[in-house]
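A short write-up of the structure that comes next.
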Amino acid sequence: MLVPSELVITSATFKQALQLGAWAEREGWSPGLGDIEAFYAADPQGFFVGHIQDRMVAAASAVHYDRDFAFCGFYIVEPDLRQQGLGHVIADAALQRVGSLVAGLDGVAAQVASYETLGFVFAHWTPRFTGRVSHVVSKISMPAGIQVVDVDTESSLFAEVVAYDTAHVPAPRSKFVSQWLQPDSPRRSFAALRDGAFVGYATVRPTASGGARIGPLFANDEEAARALMSRCAQQGRTWGESIAIDVPDRNSGAIALAKECGMVAAFTCARMYRGAEPVLPHDEIWGSTTFELG
């Protein structure tokens, strides 16, 4: 039997952070290709790993959006060493970096009670909806009156993407968005325009297991959300037949849209906050960015 005091915790190197991505894939979280690289570049000091002797056995992250908000994730202990207190030790280390900041996380239902002991309070559920790309494409056509265009850091719309993202997440995260929208990344991002006005944006990326993940999908209204969903699905066809999106249940229209596309809830995570819950326009959040970074 190991004891938690044997765990040596350090900041993760980039190579170790890549291992966290592999662990997340093993856990069935199906991260997008290149996700961990973007997360790490946004805040290299926000990742922690625990070793016992020469073996990496635990991980957690506490990525700072800005000086007021952090998001926690990658709370993983190697399967054969669970239920021995190692998770609490590394979670405490991550929370020390959070300090007095408001912090959020998306946790699996089985861990909600554990997160509550760390001071997190339940806000809402976010089910992951999965389905077939061909079904999404056949169910949703591009609405008239909405133009969907590619965006990245070199786009003339990049500043508008950053501003729009800021309005739909708990705190500004311009450094992350700058990494997320790099033109040489595996991801494709799109902006929705109505009469030239910016009304939404979304990202879709391939996954290591095949298929595509959509996130974020932020849109002013259902018409803009449909346009972005349609374009993301069309892009997803190049990567495989499966597609997934994480939909906060506070947006009933988003849940209905996912079901209309023939998608079903595969599993559900709890959005929780430590500190005051941020006020967000939930009716405009049609898909969250990632479970690992909010």
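Just so we're on the same page: first chain in the structure tokens is A, next is B, and so on; residues restart at 1 for each chain, and ligands are numbered from 1 in the order they show up.
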Name all residues at most 8 Å from segment 68-77 of chain A (count only C-alpha atoms; drop same-chain ones fewer than 4 positions away) and give them as a PyMOL selection string. chain A and resi 20+23-24+57-64+81-82+86-87+91+94+98+101-106+170-171+291-294
Contacts of Ala110 of chain A at 12 Å or less, counting only C-alpha atoms, minus same-chain residues fewer than 4 places along, as a PyMOL selection string? chain A and resi 106+114-116+267-270
Could you give me, as CSV, a per-residue list for segment 25-59 of chain A showing, wherever an atom lies at most 12 Å from an atom of segment 215-219 of chain A, the closest pair of atoms and their distance in Å to one decimal, using only C-alpha atoms and sorting by chain then residue number from low to high?
```
residue,atom,partner,partner_atom,distance
A:Pro31,CA,A:Gly215,CA,10.8
A:Gly32,CA,A:Gly215,CA,9.7
A:Asp35,CA,A:Gly215,CA,11.0
```
Could you state the separation of atom CA of Phe176 of chain A and atom CA of Ser155 of chain A in Å, given to one decimal place? 16.3 Å
Contacts of Gly131 of chain A within 8 Å, only C-alpha atoms, excl. fewer than 5 positions in-chain, as a PDB file with C-alpha atoms, in the first residue's frame:
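File selection.pdb, as written:
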```
ATOM      1  CA  VAL A 136     -25.854  15.968 -38.772  1.00  0.00           C
ATOM      2  CA  SER A 242     -18.287  10.169 -35.538  1.00  0.00           C
ATOM      3  CA  ILE A 243     -18.830  13.653 -34.108  1.00  0.00           C
ATOM      4  CA  ALA A 244     -19.296  15.000 -30.577  1.00  0.00           C
ATOM      5  CA  CYS A 261     -29.165  15.962 -35.365  1.00  0.00           C
ATOM      6  CA  GLY A 262     -29.633  12.386 -34.176  1.00  0.00           C
ATOM      7  CA  MET A 263     -27.031  12.762 -31.429  1.00  0.00           C
ATOM      8  CA  VAL A 264     -27.360  11.060 -28.037  1.00  0.00           C
TER       9      VAL A 264
END
```
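Reported to one decimal place, the separation of atom CA of Gly107 of chain A from atom CA of Ser178 of chain A is 25.9 Å.
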If you run DSSP on this backbone, which residues of segment 141-195 of chain A come out as helix (DSSP H, G or I), and could you give them as a list in words? Phe158, Ala159, Glu160, Val161, Val162, Ala163, Tyr164, Asp165, Thr166, Ser174, Lys175, Phe176, Val177, Ser178, Gln179 and Trp180 of chain A
Rank nothing, just name the residue among A:Leu257, A:Val162, A:Val204, A:Ala113 nearest to Arg237 of chain A, using only C-alpha atoms.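 Smallest separation from Arg237 of chain A among the options: A:Val204.
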